[in-house]
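What follows is one structure encoded as structure tokens, with my remarks underneath.
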Amino acid sequence: MNVKKINLLITILLAMSAVNVRAQTRDELVRQGNQLYRQQNYPKALQQYEQAQPEDSASPSLQYNRANCLYKLEDYAESINLYREVSAKAKDMQLVGKAKYNLGNCHFQQGIKQRDENPQKALEELADAVKNYRESLDMNPKDDEARRNIAVTRLVMKDIMDQIKKEQEKQKQQQQDKDKDKDKDKDKDKDKQKQQDQKQDKQDQKQEQDKKQDQQEKEQQQKDEQKQQQPEQKVAPDTTARDILNEEKERKEQRKIKVRAGGYRPADKDW
């Protein structure tokens with residue numbers, strides 16, 4: 001065996017030894033990660049899985065383990081991304097089914113978190129949860145847990161839809177109340193304007209009456225002034241038959257007085 005062949009053999013053996021060492025190291029990291037996960041030390045377990053992750057490829061099983069740690073740490077968005085990668089790349093259908101089931105759990109958790117803040121978004125998340133539970137159940141029809149999760153998720157969705165309906169009815173009632181208040185305000189404004197118009201009419205009528213009265217008083221004053229300026233006219237006595245008889249009677253009385261006094265002499269008769 002020449003030197004070249006010996007060197008080649010040594011290189012191959014060293015490479016195989018390095019691969020074995022890396023494999024043993026990776027397996028040890030995964031074992032430690034699993035142990036930490038069972039101890040619920042999820043941050044440390046996640047570190048072990050990430051260190052064990054091959055540099056040249058993404059292991060679906062390690063991706064699944066990492067996603068599980070992130071789910072426990074409530075990083076649902078990142079765990080969803082990893083579970084989706086596992087579902088797309090894994091050849092182990094059992095692993096795919098588990099990833100689908102956990103995807104449903106992630107969407108369920110996100111839907112519950114947004115239930116009060118954004119009910120419509122919560123419904124979308126819960127619908128995705130039902131979809132993934134169904135796909136998991138299709139791969140494993142005996143998975144009663146997935147079947148039960150579908151039923152629970154649907155009940156939660158019904159509650160949220162009832163909540164949305166009540167909120168819509170409440171908003172509708174509030175809007176109707178606002179419209180009624182606006183109508184009342186309009187009626188009040190109309191009544192107020194009517195009262196103002198009536199008051200103005202009364203004021204106008206009073207002004208018109210005062211104006212007429214002033215005009216009448218002015219005209220009467222002018223008449224009085226004109227009357228005072230005209231010369232006084234004596235009224236001729238109204239002679240009546242009684243007055244004539246009285247005058248005649250008075251003259252007879254005066255003649256009698258003169259006769260008695262001798263100052264009166266009757267005329268001689270010429271016949």
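Ordering of the structure tokens sets the chain letters (A, B, ...); residue numbers start at 1 within each chain; ligands are numbered from 1 in the order shown.
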
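Using only C-alpha atoms, the residues found no farther than 7 Å from A:Leu46, other than those of its own chain fewer than 6 positions away, are Gly33, Arg66 and Cys69 of chain A.
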
Excluding A:Gln163 and any residue of its chain fewer than 4 positions from it, enumerate the residues within 12 Å of it, using only C-alpha atoms, and give them as a PDB file with N, CA, C and O atoms, in the first residue's frame.
ATOM      1  N   ARG A 115     -60.465  37.298  21.563  1.00  0.00           N
ATOM      2  CA  ARG A 115     -61.921  37.168  21.647  1.00  0.00           C
ATOM      3  C   ARG A 115     -62.602  38.486  22.017  1.00  0.00           C
ATOM      4  O   ARG A 115     -63.577  38.880  21.389  1.00  0.00           O
ATOM      5  N   ASP A 116     -62.104  39.165  23.032  1.00  0.00           N
ATOM      6  CA  ASP A 116     -62.739  40.414  23.483  1.00  0.00           C
ATOM      7  C   ASP A 116     -62.255  41.623  22.693  1.00  0.00           C
ATOM      8  O   ASP A 116     -63.023  42.549  22.432  1.00  0.00           O
ATOM      9  N   GLU A 117     -60.999  41.597  22.325  1.00  0.00           N
ATOM     10  CA  GLU A 117     -60.396  42.759  21.653  1.00  0.00           C
ATOM     11  C   GLU A 117     -60.826  42.870  20.200  1.00  0.00           C
ATOM     12  O   GLU A 117     -61.145  43.957  19.708  1.00  0.00           O
ATOM     13  N   ASN A 118     -60.852  41.727  19.496  1.00  0.00           N
ATOM     14  CA  ASN A 118     -61.206  41.732  18.074  1.00  0.00           C
ATOM     15  C   ASN A 118     -61.972  40.442  17.758  1.00  0.00           C
ATOM     16  O   ASN A 118     -61.400  39.466  17.266  1.00  0.00           O
ATOM     17  N   PRO A 119     -63.287  40.419  18.040  1.00  0.00           N
ATOM     18  CA  PRO A 119     -64.074  39.197  17.859  1.00  0.00           C
ATOM     19  C   PRO A 119     -64.019  38.633  16.441  1.00  0.00           C
ATOM     20  O   PRO A 119     -63.993  37.416  16.252  1.00  0.00           O
ATOM     21  N   GLN A 120     -64.009  39.506  15.443  1.00  0.00           N
ATOM     22  CA  GLN A 120     -63.987  39.034  14.063  1.00  0.00           C
ATOM     23  C   GLN A 120     -62.680  38.308  13.750  1.00  0.00           C
ATOM     24  O   GLN A 120     -62.676  37.247  13.112  1.00  0.00           O
ATOM     25  N   ALA A 122     -60.819  36.864  15.969  1.00  0.00           N
ATOM     26  CA  ALA A 122     -60.871  35.635  16.764  1.00  0.00           C
ATOM     27  C   ALA A 122     -61.607  34.534  16.001  1.00  0.00           C
ATOM     28  O   ALA A 122     -61.182  33.366  16.011  1.00  0.00           O
ATOM     29  N   LEU A 123     -62.704  34.885  15.333  1.00  0.00           N
ATOM     30  CA  LEU A 123     -63.444  33.892  14.546  1.00  0.00           C
ATOM     31  C   LEU A 123     -62.578  33.314  13.425  1.00  0.00           C
ATOM     32  O   LEU A 123     -62.633  32.105  13.133  1.00  0.00           O
ATOM     33  N   VAL A 156     -67.171  27.738  21.077  1.00  0.00           N
ATOM     34  CA  VAL A 156     -66.579  29.054  21.335  1.00  0.00           C
ATOM     35  C   VAL A 156     -66.919  30.015  20.204  1.00  0.00           C
ATOM     36  O   VAL A 156     -67.247  31.193  20.435  1.00  0.00           O
ATOM     37  N   MET A 157     -66.878  29.523  18.965  1.00  0.00           N
ATOM     38  CA  MET A 157     -67.221  30.359  17.816  1.00  0.00           C
ATOM     39  C   MET A 157     -68.674  30.823  17.896  1.00  0.00           C
ATOM     40  O   MET A 157     -68.985  31.984  17.592  1.00  0.00           O
ATOM     41  N   LYS A 158     -69.565  29.921  18.320  1.00  0.00           N
ATOM     42  CA  LYS A 158     -70.975  30.296  18.457  1.00  0.00           C
ATOM     43  C   LYS A 158     -71.138  31.385  19.516  1.00  0.00           C
ATOM     44  O   LYS A 158     -71.887  32.351  19.318  1.00  0.00           O
ATOM     45  N   ASP A 159     -70.427  31.245  20.631  1.00  0.00           N
ATOM     46  CA  ASP A 159     -70.498  32.268  21.674  1.00  0.00           C
ATOM     47  C   ASP A 159     -70.018  33.621  21.155  1.00  0.00           C
ATOM     48  O   ASP A 159     -70.614  34.665  21.461  1.00  0.00           O
ATOM     49  N   GLU A 167     -73.645  42.867  20.354  1.00  0.00           N
ATOM     50  CA  GLU A 167     -72.964  44.161  20.239  1.00  0.00           C
ATOM     51  C   GLU A 167     -73.558  44.975  19.094  1.00  0.00           C
ATOM     52  O   GLU A 167     -73.754  46.193  19.221  1.00  0.00           O
ATOM     53  N   GLN A 168     -73.862  44.303  17.984  1.00  0.00           N
ATOM     54  CA  GLN A 168     -74.479  45.004  16.853  1.00  0.00           C
ATOM     55  C   GLN A 168     -75.865  45.531  17.230  1.00  0.00           C
ATOM     56  O   GLN A 168     -76.231  46.657  16.871  1.00  0.00           O
ATOM     57  N   GLU A 169     -76.642  44.707  17.942  1.00  0.00           N
ATOM     58  CA  GLU A 169     -77.975  45.142  18.386  1.00  0.00           C
ATOM     59  C   GLU A 169     -77.864  46.308  19.361  1.00  0.00           C
ATOM     60  O   GLU A 169     -78.673  47.246  19.322  1.00  0.00           O
ATOM     61  N   LYS A 170     -76.857  46.239  20.232  1.00  0.00           N
ATOM     62  CA  LYS A 170     -76.640  47.319  21.191  1.00  0.00           C
ATOM     63  C   LYS A 170     -76.307  48.617  20.469  1.00  0.00           C
ATOM     64  O   LYS A 170     -76.836  49.692  20.791  1.00  0.00           O
TER      65      LYS A 170
END

A:Asn81 environment, 12 Å, only C-alpha atoms, sequence neighbours closer than 3 positions dropped, as JSON, numbers by chain | {"A": [63, 64, 66, 67, 68, 70, 71, 75, 76, 77, 78, 84, 85, 86, 87, 88, 99, 100, 102, 103, 106, 107]}

Smallest atom-to-atom distance to A:Asp144: which of A:Tyr101, A:Lys194, A:Gln205, A:Ser79, using only C-alpha atoms?
-> A:Tyr101

Residue contacts of A:Gly111 (6 Å, only C-alpha atoms) excluding same-chain residues fewer than 2 positions away, as a ChimeraX atom specification = /A:108-109,113-114,122,125-126

Save the residues we just selected, C-alpha atoms, as an mmCIF file, in the first residue's frame?
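For reference, out_15.cif as written:
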data_model
loop_
_atom_site.group_PDB
_atom_site.id
_atom_site.type_symbol
_atom_site.label_atom_id
_atom_site.label_comp_id
_atom_site.auth_asym_id
_atom_site.auth_seq_id
_atom_site.Cartn_x
_atom_site.Cartn_y
_atom_site.Cartn_z
ATOM 1 C CA PHE A 108 -57.193 28.231 19.050
ATOM 2 C CA GLN A 109 -54.975 30.046 21.581
ATOM 3 C CA LYS A 113 -56.601 35.892 23.150
ATOM 4 C CA GLN A 114 -58.396 38.127 20.637
ATOM 5 C CA ALA A 122 -60.871 35.635 16.764
ATOM 6 C CA GLU A 125 -58.288 32.125 14.024
ATOM 7 C CA LEU A 126 -60.803 29.623 15.404
#

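Taking atom CA of A:Tyr49 as the reference point, atom CA of A:Asn65 is found at 7.1 Å.
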
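The coordinates place atom CA of A:Gln48 at 5.4 Å from atom CA of A:Leu29.
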
Two-atom distance - atom CA of A:Leu137, atom CA of A:Asn149 (Å) = 10.5 Å

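Of the residues listed (A:Gln200, A:Ile112, A:Lys89, A:Ala45), A:Lys89 shows the shortest atom-to-atom separation from A:Ala58; distances use only C-alpha atoms.
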
DSSP-assigned alpha helix (DSSP H) among stretch 49-238 of chain A, expressed as a PyMOL selection string | chain A and resi 49-52+60-72+76-89+93-113+119-139+144-229
